[in-house]
Every structure is written in structure tokens, then in C-alpha cells.
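Okay, query23.pdb is below, PDB, C-alpha atoms, pLDDT in the B column:
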```pdb
MODEL        1
ATOM      1  CA  MET U   1     -31.752  -1.433  -9.952  1.00 69.00           C
ATOM      2  CA  PHE U   2     -31.710   2.236 -11.014  1.00 72.00           C
ATOM      3  CA  LEU U   3     -27.933   2.434 -10.666  1.00 77.00           C
ATOM      4  CA  ARG U   4     -27.451  -0.711 -12.767  1.00 85.00           C
ATOM      5  CA  VAL U   5     -29.681   0.692 -15.523  1.00 86.00           C
ATOM      6  CA  LYS U   6     -27.848   4.010 -15.384  1.00 86.00           C
ATOM      7  CA  LYS U   7     -24.491   2.252 -15.622  1.00 87.00           C
ATOM      8  CA  PHE U   8     -25.718   0.143 -18.573  1.00 91.00           C
ATOM      9  CA  ILE U   9     -26.930   3.215 -20.451  1.00 91.00           C
ATOM     10  CA  LYS U  10     -23.650   5.019 -19.800  1.00 91.00           C
ATOM     11  CA  ARG U  11     -21.757   2.003 -21.104  1.00 92.00           C
ATOM     12  CA  GLN U  12     -23.812   1.866 -24.285  1.00 95.00           C
ATOM     13  CA  ILE U  13     -23.207   5.570 -24.916  1.00 94.00           C
ATOM     14  CA  ALA U  14     -19.459   5.022 -24.412  1.00 94.00           C
ATOM     15  CA  LYS U  15     -19.474   2.141 -26.916  1.00 96.00           C
ATOM     16  CA  LYS U  16     -21.290   4.257 -29.484  1.00 96.00           C
ATOM     17  CA  GLU U  17     -18.792   7.074 -28.993  1.00 96.00           C
ATOM     18  CA  PHE U  18     -15.930   4.599 -29.366  1.00 97.00           C
ATOM     19  CA  CYS U  19     -17.291   3.498 -32.756  1.00 97.00           C
ATOM     20  CA  ARG U  20     -17.688   7.109 -33.855  1.00 97.00           C
ATOM     21  CA  GLN U  21     -14.136   7.995 -32.841  1.00 97.00           C
ATOM     22  CA  PHE U  22     -12.760   4.878 -34.523  1.00 97.00           C
ATOM     23  CA  GLU U  23     -14.317   5.839 -37.842  1.00 97.00           C
ATOM     24  CA  LEU U  24     -13.152   9.434 -37.457  1.00 97.00           C
ATOM     25  CA  PHE U  25      -9.586   8.378 -36.669  1.00 97.00           C
ATOM     26  CA  LYS U  26      -9.564   5.918 -39.600  1.00 95.00           C
ATOM     27  CA  LYS U  27     -10.757   8.653 -41.944  1.00 96.00           C
ATOM     28  CA  GLN U  28      -8.089  11.101 -40.738  1.00 97.00           C
ATOM     29  CA  ASN U  29      -5.300   8.508 -40.385  1.00 96.00           C
ATOM     30  CA  ASP U  30      -1.907   9.623 -41.707  1.00 95.00           C
ATOM     31  CA  ASP U  31      -1.012   6.029 -42.753  1.00 90.00           C
ATOM     32  CA  ARG U  32       1.917   5.621 -40.346  1.00 96.00           C
ATOM     33  CA  PHE U  33      -0.119   2.863 -38.701  1.00 96.00           C
ATOM     34  CA  SER U  34      -2.826   0.644 -40.107  1.00 95.00           C
ATOM     35  CA  VAL U  35      -6.224   1.006 -38.434  1.00 96.00           C
ATOM     36  CA  ASN U  36      -8.062  -2.325 -38.248  1.00 96.00           C
ATOM     37  CA  TRP U  37     -11.284  -3.042 -36.364  1.00 96.00           C
ATOM     38  CA  SER U  38      -9.987  -6.542 -35.578  1.00 97.00           C
ATOM     39  CA  GLU U  39      -7.160  -4.984 -33.535  1.00 95.00           C
ATOM     40  CA  LYS U  40      -9.319  -2.666 -31.464  1.00 96.00           C
ATOM     41  CA  PHE U  41      -8.784  -2.426 -27.718  1.00 96.00           C
ATOM     42  CA  PRO U  42     -11.686  -0.406 -26.258  1.00 96.00           C
ATOM     43  CA  CYS U  43     -10.790   1.642 -23.164  1.00 95.00           C
ATOM     44  CA  LEU U  44     -14.155   3.034 -22.174  1.00 94.00           C
ATOM     45  CA  ASP U  45     -13.607   4.201 -18.589  1.00 91.00           C
ATOM     46  CA  ASP U  46     -10.732   6.670 -18.878  1.00 93.00           C
ATOM     47  CA  ASN U  47     -12.576   9.740 -20.173  1.00 92.00           C
ATOM     48  CA  THR U  48     -12.929  11.381 -16.759  1.00 91.00           C
ATOM     49  CA  GLY U  49     -12.724  14.934 -15.497  1.00 92.00           C
ATOM     50  CA  GLU U  50      -9.859  14.077 -13.163  1.00 94.00           C
ATOM     51  CA  THR U  51      -7.256  11.310 -12.999  1.00 95.00           C
ATOM     52  CA  ASN U  52      -8.529   8.567 -10.691  1.00 93.00           C
ATOM     53  CA  PHE U  53      -6.217   6.868  -8.192  1.00 95.00           C
ATOM     54  CA  ASP U  54      -6.300   4.527  -5.201  1.00 95.00           C
ATOM     55  CA  ALA U  55      -5.795   6.958  -2.321  1.00 97.00           C
ATOM     56  CA  HIS U  56      -4.400   4.295   0.034  1.00 98.00           C
ATOM     57  CA  TYR U  57      -1.712   3.176  -2.391  1.00 97.00           C
ATOM     58  CA  ILE U  58      -0.742   6.631  -3.634  1.00 98.00           C
ATOM     59  CA  TYR U  59      -0.588   8.460  -0.330  1.00 98.00           C
ATOM     60  CA  HIS U  60       1.006   5.930   2.017  1.00 98.00           C
ATOM     61  CA  PRO U  61       4.127   5.281  -0.135  1.00 98.00           C
ATOM     62  CA  ALA U  62       4.428   9.051  -0.690  1.00 98.00           C
ATOM     63  CA  TRP U  63       4.223   9.576   3.074  1.00 98.00           C
ATOM     64  CA  ALA U  64       6.859   6.904   3.698  1.00 98.00           C
ATOM     65  CA  ALA U  65       9.202   8.332   1.062  1.00 98.00           C
ATOM     66  CA  ARG U  66       9.031  11.718   2.759  1.00 98.00           C
ATOM     67  CA  VAL U  67       9.948  10.159   6.104  1.00 98.00           C
ATOM     68  CA  LEU U  68      12.953   8.440   4.520  1.00 98.00           C
ATOM     69  CA  ALA U  69      13.960  11.776   3.001  1.00 98.00           C
ATOM     70  CA  GLN U  70      14.211  13.026   6.586  1.00 97.00           C
ATOM     71  CA  THR U  71      15.886  10.010   8.183  1.00 98.00           C
ATOM     72  CA  LYS U  72      18.289   9.335   5.274  1.00 98.00           C
ATOM     73  CA  PRO U  73      19.144   5.721   6.201  1.00 98.00           C
ATOM     74  CA  ALA U  74      22.249   4.084   4.755  1.00 98.00           C
ATOM     75  CA  VAL U  75      20.082   1.077   3.866  1.00 98.00           C
ATOM     76  CA  HIS U  76      16.375   0.374   4.241  1.00 98.00           C
ATOM     77  CA  THR U  77      14.608  -2.942   4.859  1.00 98.00           C
ATOM     78  CA  ASP U  78      11.026  -3.465   3.736  1.00 98.00           C
ATOM     79  CA  ILE U  79       8.707  -6.336   4.512  1.00 98.00           C
ATOM     80  CA  SER U  80       6.035  -6.907   1.862  1.00 97.00           C
ATOM     81  CA  SER U  81       5.019  -3.318   1.117  1.00 98.00           C
ATOM     82  CA  THR U  82       3.967  -2.298  -2.381  1.00 97.00           C
ATOM     83  CA  LEU U  83       6.643  -2.947  -4.998  1.00 97.00           C
ATOM     84  CA  HIS U  84       6.141   0.550  -6.400  1.00 96.00           C
ATOM     85  CA  PHE U  85       7.539   1.962  -3.151  1.00 98.00           C
ATOM     86  CA  CYS U  86      10.522  -0.371  -2.915  1.00 97.00           C
ATOM     87  CA  SER U  87      11.523  -0.138  -6.563  1.00 97.00           C
ATOM     88  CA  ILE U  88      11.462   3.675  -6.672  1.00 97.00           C
ATOM     89  CA  ILE U  89      13.135   4.203  -3.286  1.00 98.00           C
ATOM     90  CA  SER U  90      15.956   1.855  -4.325  1.00 98.00           C
ATOM     91  CA  ALA U  91      17.109   4.470  -6.857  1.00 98.00           C
ATOM     92  CA  PHE U  92      18.220   6.631  -3.905  1.00 97.00           C
ATOM     93  CA  ILE U  93      18.525   4.285  -0.918  1.00 98.00           C
ATOM     94  CA  PRO U  94      19.679   0.649  -1.054  1.00 98.00           C
ATOM     95  CA  VAL U  95      16.618  -1.466  -0.237  1.00 98.00           C
ATOM     96  CA  LYS U  96      16.382  -5.027   1.031  1.00 98.00           C
ATOM     97  CA  PHE U  97      12.897  -6.280   0.171  1.00 98.00           C
ATOM     98  CA  TYR U  98      11.341  -9.397   1.693  1.00 98.00           C
ATOM     99  CA  ASP U  99       8.011 -11.051   0.946  1.00 97.00           C
ATOM    100  CA  TYR U 100       6.261 -14.357   1.611  1.00 94.00           C
ATOM    101  CA  ARG U 101       6.063 -14.543  -2.181  1.00 93.00           C
ATOM    102  CA  PRO U 102       9.427 -13.100  -3.298  1.00 91.00           C
ATOM    103  CA  ALA U 103       9.338 -10.744  -6.283  1.00 94.00           C
ATOM    104  CA  GLY U 104      11.607 -11.374  -9.269  1.00 94.00           C
ATOM    105  CA  LEU U 105      12.808  -7.791  -9.553  1.00 94.00           C
ATOM    106  CA  ASN U 106      16.108  -6.972 -11.207  1.00 95.00           C
ATOM    107  CA  LEU U 107      17.108  -3.436 -10.251  1.00 97.00           C
ATOM    108  CA  THR U 108      20.322  -1.902  -8.969  1.00 97.00           C
ATOM    109  CA  GLY U 109      20.060  -0.991  -5.305  1.00 98.00           C
ATOM    110  CA  LEU U 110      17.319  -3.533  -4.652  1.00 97.00           C
ATOM    111  CA  SER U 111      17.542  -7.096  -3.383  1.00 97.00           C
ATOM    112  CA  SER U 112      14.464  -9.313  -3.146  1.00 96.00           C
ATOM    113  CA  GLN U 113      14.249 -12.357  -0.901  1.00 96.00           C
ATOM    114  CA  SER U 114      11.708 -14.579   0.824  1.00 96.00           C
ATOM    115  CA  ALA U 115      10.611 -14.129   4.432  1.00 96.00           C
ATOM    116  CA  ASP U 116       7.822 -15.195   6.770  1.00 96.00           C
ATOM    117  CA  LEU U 117       6.810 -12.137   8.787  1.00 97.00           C
ATOM    118  CA  THR U 118       5.697 -14.275  11.720  1.00 97.00           C
ATOM    119  CA  LYS U 119       9.219 -15.693  12.134  1.00 97.00           C
ATOM    120  CA  LEU U 120      11.845 -13.412  10.636  1.00 97.00           C
ATOM    121  CA  SER U 121      15.415 -14.663  10.376  1.00 96.00           C
ATOM    122  CA  PHE U 122      16.967 -11.331  11.393  1.00 98.00           C
ATOM    123  CA  ALA U 123      18.824 -10.949  14.685  1.00 98.00           C
ATOM    124  CA  ASN U 124      17.329  -9.005  17.567  1.00 98.00           C
ATOM    125  CA  ASN U 125      17.799  -5.222  17.348  1.00 98.00           C
ATOM    126  CA  SER U 126      19.505  -5.488  13.950  1.00 98.00           C
ATOM    127  CA  ILE U 127      17.552  -3.230  11.574  1.00 98.00           C
ATOM    128  CA  ARG U 128      17.862   0.550  11.734  1.00 98.00           C
ATOM    129  CA  SER U 129      15.291   1.502   9.082  1.00 98.00           C
ATOM    130  CA  LEU U 130      12.278  -0.750   8.534  1.00 98.00           C
ATOM    131  CA  SER U 131       8.898  -0.561   6.821  1.00 98.00           C
ATOM    132  CA  CYS U 132       5.893  -2.857   6.675  1.00 98.00           C
ATOM    133  CA  MET U 133       2.963  -1.147   4.998  1.00 98.00           C
ATOM    134  CA  HIS U 134      -0.528  -2.407   4.182  1.00 98.00           C
ATOM    135  CA  THR U 135       0.692  -5.922   5.009  1.00 98.00           C
ATOM    136  CA  VAL U 136       0.090  -7.011   8.605  1.00 98.00           C
ATOM    137  CA  GLU U 137      -3.700  -6.831   8.218  1.00 98.00           C
ATOM    138  CA  HIS U 138      -3.469  -9.825   5.852  1.00 97.00           C
ATOM    139  CA  ILE U 139      -1.237 -12.104   7.934  1.00 97.00           C
ATOM    140  CA  GLY U 140      -2.886 -15.370   8.984  1.00 97.00           C
ATOM    141  CA  LEU U 141      -5.906 -15.109   6.677  1.00 97.00           C
ATOM    142  CA  GLY U 142      -4.536 -17.488   4.035  1.00 96.00           C
ATOM    143  CA  ARG U 143      -5.039 -14.988   1.229  1.00 95.00           C
ATOM    144  CA  TYR U 144      -1.459 -15.122   0.014  1.00 94.00           C
ATOM    145  CA  GLY U 145      -0.784 -18.772   0.692  1.00 93.00           C
ATOM    146  CA  ASP U 146       0.202 -18.291   4.327  1.00 94.00           C
ATOM    147  CA  GLN U 147      -1.086 -20.490   7.134  1.00 94.00           C
ATOM    148  CA  ILE U 148      -4.412 -19.752   8.798  1.00 97.00           C
ATOM    149  CA  ASP U 149      -3.612 -18.083  12.124  1.00 97.00           C
ATOM    150  CA  PRO U 150      -6.019 -15.676  13.860  1.00 97.00           C
ATOM    151  CA  THR U 151      -3.082 -14.196  15.803  1.00 98.00           C
ATOM    152  CA  GLY U 152      -0.739 -14.039  12.814  1.00 98.00           C
ATOM    153  CA  ASP U 153      -0.889 -10.249  12.773  1.00 98.00           C
ATOM    154  CA  LEU U 154       0.158 -10.040  16.420  1.00 98.00           C
ATOM    155  CA  LYS U 155       3.092 -12.383  15.779  1.00 98.00           C
ATOM    156  CA  ALA U 156       4.124 -10.187  12.854  1.00 98.00           C
ATOM    157  CA  ILE U 157       3.997  -7.045  14.997  1.00 98.00           C
ATOM    158  CA  SER U 158       6.074  -8.766  17.672  1.00 98.00           C
ATOM    159  CA  GLU U 159       8.693  -9.690  15.060  1.00 98.00           C
ATOM    160  CA  LEU U 160       8.871  -6.155  13.680  1.00 98.00           C
ATOM    161  CA  LYS U 161       9.531  -4.814  17.162  1.00 98.00           C
ATOM    162  CA  ARG U 162      12.075  -7.536  17.901  1.00 98.00           C
ATOM    163  CA  VAL U 163      14.301  -6.887  14.886  1.00 98.00           C
ATOM    164  CA  LEU U 164      14.128  -3.074  15.021  1.00 98.00           C
ATOM    165  CA  SER U 165      17.285  -1.623  16.540  1.00 98.00           C
ATOM    166  CA  PRO U 166      17.231   0.880  19.440  1.00 98.00           C
ATOM    167  CA  GLY U 167      16.816   4.317  17.901  1.00 98.00           C
ATOM    168  CA  GLY U 168      15.594   2.659  14.703  1.00 98.00           C
ATOM    169  CA  ASP U 169      12.615   3.805  12.646  1.00 98.00           C
ATOM    170  CA  LEU U 170       9.582   1.694  11.700  1.00 98.00           C
ATOM    171  CA  LEU U 171       7.066   2.829   9.078  1.00 98.00           C
ATOM    172  CA  PHE U 172       3.892   0.863   9.711  1.00 98.00           C
ATOM    173  CA  VAL U 173       0.656   1.162   7.711  1.00 98.00           C
ATOM    174  CA  VAL U 174      -2.661  -0.643   8.188  1.00 98.00           C
ATOM    175  CA  PRO U 175      -6.364   0.039   7.570  1.00 98.00           C
ATOM    176  CA  ILE U 176      -7.778   2.176  10.377  1.00 97.00           C
ATOM    177  CA  GLY U 177     -11.358   2.763  11.507  1.00 95.00           C
ATOM    178  CA  LYS U 178     -13.970   0.756  13.335  1.00 93.00           C
ATOM    179  CA  PRO U 179     -12.349  -2.637  14.173  1.00 95.00           C
ATOM    180  CA  LYS U 180     -13.508  -5.298  11.752  1.00 96.00           C
ATOM    181  CA  LEU U 181     -12.398  -8.564  10.147  1.00 97.00           C
ATOM    182  CA  THR U 182     -13.394  -9.151   6.534  1.00 96.00           C
ATOM    183  CA  PHE U 183     -12.190 -12.696   5.841  1.00 97.00           C
ATOM    184  CA  ASN U 184     -10.054 -13.359   3.907  1.00 97.00           C
ATOM    185  CA  ALA U 185      -9.264  -9.872   2.670  1.00 96.00           C
ATOM    186  CA  HIS U 186      -7.993  -7.943   5.684  1.00 98.00           C
ATOM    187  CA  ARG U 187      -8.455  -6.657   9.210  1.00 98.00           C
ATOM    188  CA  ILE U 188      -9.364  -3.068  10.056  1.00 98.00           C
ATOM    189  CA  TYR U 189      -7.860  -1.785  13.310  1.00 98.00           C
ATOM    190  CA  SER U 190      -8.743   1.034  15.650  1.00 96.00           C
ATOM    191  CA  TYR U 191      -6.053   3.624  16.325  1.00 97.00           C
ATOM    192  CA  GLU U 192      -6.065   2.549  19.967  1.00 97.00           C
ATOM    193  CA  GLN U 193      -5.380  -1.093  19.057  1.00 98.00           C
ATOM    194  CA  ILE U 194      -2.253  -0.155  17.108  1.00 98.00           C
ATOM    195  CA  ILE U 195      -0.969   2.155  19.840  1.00 98.00           C
ATOM    196  CA  GLU U 196      -1.512  -0.628  22.381  1.00 98.00           C
ATOM    197  CA  HIS U 197       0.357  -3.163  20.238  1.00 98.00           C
ATOM    198  CA  PHE U 198       3.294  -0.738  19.904  1.00 98.00           C
ATOM    199  CA  PHE U 199       3.126   0.649  23.438  1.00 97.00           C
ATOM    200  CA  ASP U 200       6.883   0.208  23.909  1.00 97.00           C
ATOM    201  CA  LEU U 201       7.800   2.331  20.864  1.00 98.00           C
ATOM    202  CA  GLU U 202       7.683   6.107  20.474  1.00 98.00           C
ATOM    203  CA  LEU U 203       5.139   7.466  17.994  1.00 98.00           C
ATOM    204  CA  LYS U 204       6.839  10.124  15.851  1.00 98.00           C
ATOM    205  CA  ASP U 205       3.988  10.764  13.438  1.00 97.00           C
ATOM    206  CA  PHE U 206       0.505   9.556  12.610  1.00 97.00           C
ATOM    207  CA  SER U 207      -0.962  10.538   9.256  1.00 97.00           C
ATOM    208  CA  LEU U 208      -4.212   9.336   7.749  1.00 98.00           C
ATOM    209  CA  VAL U 209      -5.995   8.744   4.458  1.00 98.00           C
ATOM    210  CA  LEU U 210      -9.683   9.379   5.092  1.00 97.00           C
ATOM    211  CA  ASP U 211     -12.601   7.377   3.732  1.00 97.00           C
ATOM    212  CA  ASN U 212     -13.188  10.136   1.173  1.00 97.00           C
ATOM    213  CA  GLY U 213      -9.602   9.842  -0.112  1.00 97.00           C
ATOM    214  CA  ASP U 214      -8.216  12.995   1.495  1.00 97.00           C
ATOM    215  CA  PHE U 215      -4.789  12.795   3.128  1.00 97.00           C
ATOM    216  CA  ILE U 216      -4.056  14.486   6.455  1.00 96.00           C
ATOM    217  CA  ASN U 217      -0.540  14.906   7.834  1.00 94.00           C
ATOM    218  CA  SER U 218      -0.331  14.573  11.630  1.00 91.00           C
ATOM    219  CA  ALA U 219      -4.019  13.703  11.811  1.00 92.00           C
ATOM    220  CA  ASP U 220      -6.349  14.785  14.605  1.00 89.00           C
ATOM    221  CA  LEU U 221      -7.368  11.680  16.548  1.00 89.00           C
ATOM    222  CA  ALA U 222     -10.972  12.894  16.712  1.00 89.00           C
ATOM    223  CA  ILE U 223     -11.245  12.117  12.995  1.00 92.00           C
ATOM    224  CA  VAL U 224      -9.957   8.563  13.242  1.00 92.00           C
ATOM    225  CA  SER U 225     -12.924   6.919  14.942  1.00 87.00           C
ATOM    226  CA  LYS U 226     -15.260   8.299  12.278  1.00 93.00           C
ATOM    227  CA  GLN U 227     -13.559   6.333   9.503  1.00 96.00           C
ATOM    228  CA  SER U 228     -14.717   2.962   8.193  1.00 96.00           C
ATOM    229  CA  TYR U 229     -11.663   2.101   6.068  1.00 97.00           C
ATOM    230  CA  GLY U 230      -8.999   4.741   6.493  1.00 97.00           C
ATOM    231  CA  CYS U 231      -5.295   4.218   5.950  1.00 98.00           C
ATOM    232  CA  GLY U 232      -3.269   4.810   9.085  1.00 98.00           C
ATOM    233  CA  CYS U 233       0.399   5.739   8.613  1.00 98.00           C
ATOM    234  CA  PHE U 234       2.449   5.298  11.804  1.00 98.00           C
ATOM    235  CA  TRP U 235       6.080   6.339  12.174  1.00 98.00           C
ATOM    236  CA  PHE U 236       7.472   4.607  15.256  1.00 98.00           C
ATOM    237  CA  LYS U 237      10.935   4.849  16.794  1.00 98.00           C
ATOM    238  CA  LYS U 238      12.362   2.230  19.120  1.00 98.00           C
ATOM    239  CA  LYS U 239      13.393   3.711  22.426  1.00 94.00           C
ATOM    240  CA  VAL U 240      17.026   3.595  23.483  1.00 93.00           C
ATOM    241  CA  VAL U 241      17.153   2.048  26.913  1.00 80.00           C
TER
ENDMDL
END
```
Write the structure described by the file as C-alpha cells, please.
Amino acid sequence: MFLRVKKFIKRQIAKKEFCRQFELFKKQNDDRFSVNWSEKFPCLDDNTGETNFDAHYIYHPAWAARVLAQTKPAVHTDISSTLHFCSIISAFIPVKFYDYRPAGLNLTGLSSQSADLTKLSFANNSIRSLSCMHTVEHIGLGRYGDQIDPTGDLKAISELKRVLSPGGDLLFVVPIGKPKLTFNAHRIYSYEQIIEHFFDLELKDFSLVLDNGDFINSADLAIVSKQSYGCGCFWFKKKVV
């Protein structure tokens, strides 16, 4: 109750300050633009000491981009990761993007098509550079129009491993911490679960976004089990047999 009252009071103060600033701006206006109360668009939550950001969705694409800067693939294939990642990377590396709900993007260096991660159309061992980030935890929960399937995530992991070529790189990101299912939002995996699911691949790097938003390169595994909703960034390489 106290927090709600505190939030309400803060909101009322922000509204009062908005009105004060509006009148001040109108008084000082240089007449290049008309200033009308009917066209106001109050933005009351942006006056902060620091720029806020979603740590999961800032750090994991930045981590992945740095891996690609090392591997320098001729072409990169992405399955349903954030569009911010795919669209920016495509300025430097040709990207083939696939999603259950294809995105109507029109950018040079980027193609966008439809795919079901539980049954990909790609040939075995055909993709050299592959990413699937903050995606598999949703598969089979129906959230995005896909079929209900409690093992949908495992089928997706199996498909990623199937299509990855020997010596190929897979950038894989999921929530990490104490194992938990929050239907129909996502699954949270333990580090050990992911390593078990990818036992036949080589782990090149594991980095982690902590619950508090900090990012750790090559994270110490002792930290992982203490997280509730971390962001685990796994760089796997398929072994050459």
C-alpha cells in the first residue's frame, strides 16, 4: 500500500511539473512551432538520473555481435532473435532471418522468411554460423501462436544441433537461474540443463547478465545458481568428427 501511495504522489508531482514546464515553454516559445494544450503528449517517466535499459536485450545482442566480429562469417542465419540484432548486423554481414511470424523488413543484406523451429527445412549440417537468442524458452507455450507442446523447446534444440555444420558456431541465449516454468511467458533453465542438452557441442564461451543487470564475460559458474532470472549467453561450436 505504501509503495502505491508513494508512486501516486510522485505521479502527481510529475504532472504538476509538466504543467509548469508547458506554460514556461509557451511563454518563451520562438514561434517556429505552435504550442497547443490539445496537442500535448506527456512523457512523465523519462526524467531519470541515468538512461534506463532492459539489460537482457541490450547485453545479449552486444555479446553476440562481438562473437561475430571474431568469427567473421560469410553469411549468418538467425532464428527468431531480436530484430534489432538482425537488422544492425546485416549492415556488415549478410543475414538470413527466420521466425514463426516472419517480419516484413526491407533492408539490404537481410532476408526474412518463415520457419518453425521445431521442424526446420534446412539440410543436416548445412549452417556454418547460427544464432537463436531469447527464443527457445517460449517454444511450445502457445504465446506466439505456436502449438502447445511441453517438449517444444527440446525439439527446437535438437533442430539447431542438426542443421549446424561441423566446425560451425551457434549463439544460444535463454533465461538462466533456478529452473522454472512461468506459463505462458517462458521457461527458466539451469546452466546444467543447457549443458546437458548440448552435451555433444563444445562450449566456447558462457557469459551472463545477472539479476541486478550487470553483465559478466566468461562468467564464474558459482554465480549462476544464485540467479532467479539471469540471461545466459552460450557460444557453442559443433565438433568435427
Report the residues retrieved by the PyMOL selection byres ((chain U and resi 155) around 10) from the displayed file, expressed as a PDB file with C-alpha atoms, in the frame of the given file.
```pdb
ATOM      1  CA  LEU U 117       6.810 -12.137   8.787  1.00 97.00           C
ATOM      2  CA  THR U 118       5.697 -14.275  11.720  1.00 97.00           C
ATOM      3  CA  LYS U 119       9.219 -15.693  12.134  1.00 97.00           C
ATOM      4  CA  VAL U 136       0.090  -7.011   8.605  1.00 98.00           C
ATOM      5  CA  ILE U 139      -1.237 -12.104   7.934  1.00 97.00           C
ATOM      6  CA  GLY U 140      -2.886 -15.370   8.984  1.00 97.00           C
ATOM      7  CA  ASP U 149      -3.612 -18.083  12.124  1.00 97.00           C
ATOM      8  CA  PRO U 150      -6.019 -15.676  13.860  1.00 97.00           C
ATOM      9  CA  THR U 151      -3.082 -14.196  15.803  1.00 98.00           C
ATOM     10  CA  GLY U 152      -0.739 -14.039  12.814  1.00 98.00           C
ATOM     11  CA  ASP U 153      -0.889 -10.249  12.773  1.00 98.00           C
ATOM     12  CA  LEU U 154       0.158 -10.040  16.420  1.00 98.00           C
ATOM     13  CA  ALA U 156       4.124 -10.187  12.854  1.00 98.00           C
ATOM     14  CA  ILE U 157       3.997  -7.045  14.997  1.00 98.00           C
ATOM     15  CA  SER U 158       6.074  -8.766  17.672  1.00 98.00           C
ATOM     16  CA  GLU U 159       8.693  -9.690  15.060  1.00 98.00           C
ATOM     17  CA  LEU U 160       8.871  -6.155  13.680  1.00 98.00           C
TER      18      LEU U 160
END
```
6 Å contact set for stretch 171-183 of chain U, only C-alpha atoms, chain neighbours under 2 positions out, as a PyMOL selection string: chain U and resi 131-134+185-190+225+227-235
Output C-alpha atoms of each residue in that selection to a file, as a PDB file, in the coordinates of the input.
```
ATOM      1  CA  SER U 131       8.898  -0.561   6.821  1.00 98.00           C
ATOM      2  CA  CYS U 132       5.893  -2.857   6.675  1.00 98.00           C
ATOM      3  CA  MET U 133       2.963  -1.147   4.998  1.00 98.00           C
ATOM      4  CA  HIS U 134      -0.528  -2.407   4.182  1.00 98.00           C
ATOM      5  CA  ALA U 185      -9.264  -9.872   2.670  1.00 96.00           C
ATOM      6  CA  HIS U 186      -7.993  -7.943   5.684  1.00 98.00           C
ATOM      7  CA  ARG U 187      -8.455  -6.657   9.210  1.00 98.00           C
ATOM      8  CA  ILE U 188      -9.364  -3.068  10.056  1.00 98.00           C
ATOM      9  CA  TYR U 189      -7.860  -1.785  13.310  1.00 98.00           C
ATOM     10  CA  SER U 190      -8.743   1.034  15.650  1.00 96.00           C
ATOM     11  CA  SER U 225     -12.924   6.919  14.942  1.00 87.00           C
ATOM     12  CA  GLN U 227     -13.559   6.333   9.503  1.00 96.00           C
ATOM     13  CA  SER U 228     -14.717   2.962   8.193  1.00 96.00           C
ATOM     14  CA  TYR U 229     -11.663   2.101   6.068  1.00 97.00           C
ATOM     15  CA  GLY U 230      -8.999   4.741   6.493  1.00 97.00           C
ATOM     16  CA  CYS U 231      -5.295   4.218   5.950  1.00 98.00           C
ATOM     17  CA  GLY U 232      -3.269   4.810   9.085  1.00 98.00           C
ATOM     18  CA  CYS U 233       0.399   5.739   8.613  1.00 98.00           C
ATOM     19  CA  PHE U 234       2.449   5.298  11.804  1.00 98.00           C
ATOM     20  CA  TRP U 235       6.080   6.339  12.174  1.00 98.00           C
TER      21      TRP U 235
END
```
task: Could you check how far atom CA of U:Tyr57 sits from atom CA of U:Thr82, in Å to one decimal?
output: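 Rounded to one decimal, the two atoms are 7.9 Å apart.
The smallest atom-to-atom distance between U:Pro42 and any of U:Gln21, U:Lys26, U:His60, U:Asp200, using all atoms listed in the file, is found for U:Gln21.
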Skipping near chain neighbours, those fewer than 4 positions away, what residues fall within 9 Å of U:Leu201 using all atoms listed in the file, listed as a short mmCIF file (atom, residue, chain, number, x, y, z; two decimals) with C-alpha atoms, in the coordinates of the input?
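What landed in around-v4.cif:
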```
data_model
loop_
_atom_site.label_atom_id
_atom_site.label_comp_id
_atom_site.auth_asym_id
_atom_site.auth_seq_id
_atom_site.Cartn_x
_atom_site.Cartn_y
_atom_site.Cartn_z
CA LYS U 161 9.53 -4.81 17.16
CA ILE U 195 -0.97 2.15 19.84
CA PHE U 236 7.47 4.61 15.26
CA LYS U 237 10.94 4.85 16.79
CA LYS U 238 12.36 2.23 19.12
CA LYS U 239 13.39 3.71 22.43
#
```
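Residues captured in this structure file are Thr77, Asp78, Ser129, Ser131 and Leu170 of chain U, according to the PyMOL selection byres ((chain U and resi 130) around 6).
Non-sequential neighbours of U:Val35 (distance at most 12 Å, separation of 4 or more positions within a chain, only C-alpha atoms) are Gln21, Phe22, Glu23, Leu24, Phe25, Lys26, Lys27, Gln28, Asn29, Asp30, Asp31, Glu39, Lys40 and Phe41 of chain U.
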Quick one: apply the PyMOL selection byres ((chain U and resi 109) around 7) to the file and drop the selected residues here as an mmCIF file with C-alpha atoms, in the coordinates of the input.
```cif
data_model
loop_
_atom_site.group_PDB
_atom_site.id
_atom_site.type_symbol
_atom_site.label_atom_id
_atom_site.label_comp_id
_atom_site.auth_asym_id
_atom_site.auth_seq_id
_atom_site.Cartn_x
_atom_site.Cartn_y
_atom_site.Cartn_z
ATOM 1 C CA SER U 90 15.956 1.855 -4.325
ATOM 2 C CA ALA U 91 17.109 4.470 -6.857
ATOM 3 C CA PRO U 94 19.679 0.649 -1.054
ATOM 4 C CA VAL U 95 16.618 -1.466 -0.237
ATOM 5 C CA LEU U 107 17.108 -3.436 -10.251
ATOM 6 C CA THR U 108 20.322 -1.902 -8.969
ATOM 7 C CA LEU U 110 17.319 -3.533 -4.652
ATOM 8 C CA SER U 111 17.542 -7.096 -3.383
#
```
task: Work out how far atom CA of U:Leu203 is from atom CA of U:Ser114, in Å to one decimal.
output: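 Straight-line distance from atom CA of U:Ser114 to atom CA of U:Leu203 works out to 28.7 Å.
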Within 12 Å of (-10.8, 1.6, -22.4) (file coordinates; only C-alpha atoms), which protein or nucleic acid residues are there? I'd like them as a PDB file with C-alpha atoms, in the coordinates of the input.
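Once written, selection_30.pdb looks like this:
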```
ATOM      1  CA  ARG U  11     -21.757   2.003 -21.104  1.00 92.00           C
ATOM      2  CA  ALA U  14     -19.459   5.022 -24.412  1.00 94.00           C
ATOM      3  CA  LYS U  15     -19.474   2.141 -26.916  1.00 96.00           C
ATOM      4  CA  GLU U  17     -18.792   7.074 -28.993  1.00 96.00           C
ATOM      5  CA  PHE U  18     -15.930   4.599 -29.366  1.00 97.00           C
ATOM      6  CA  LYS U  40      -9.319  -2.666 -31.464  1.00 96.00           C
ATOM      7  CA  PHE U  41      -8.784  -2.426 -27.718  1.00 96.00           C
ATOM      8  CA  PRO U  42     -11.686  -0.406 -26.258  1.00 96.00           C
ATOM      9  CA  CYS U  43     -10.790   1.642 -23.164  1.00 95.00           C
ATOM     10  CA  LEU U  44     -14.155   3.034 -22.174  1.00 94.00           C
ATOM     11  CA  ASP U  45     -13.607   4.201 -18.589  1.00 91.00           C
ATOM     12  CA  ASP U  46     -10.732   6.670 -18.878  1.00 93.00           C
ATOM     13  CA  ASN U  47     -12.576   9.740 -20.173  1.00 92.00           C
ATOM     14  CA  THR U  48     -12.929  11.381 -16.759  1.00 91.00           C
TER      15      THR U  48
END
```
message: What's the separation between atom CA of U:Asn106 and atom CA of U:Arg128, in Å to one decimal place?
response: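 Atom CA of U:Arg128 lies at a distance of 24.2 Å from atom CA of U:Asn106.
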field: Proximity to U:Lys72 - best of U:Tyr59, U:Gly168, U:Lys226, U:Glu192, only C-alpha atoms
entry: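 Going through U:Tyr59, U:Gly168, U:Lys226, U:Glu192 one by one, the smallest distance to U:Lys72 is for U:Gly168.
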message: Restricting the calculation to all atoms listed in the file: of U:Leu105, U:Leu68, U:Ala222, U:Ile194, which residue gets closest to U:Glu137?
response: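 Closest candidate: U:Ile194.
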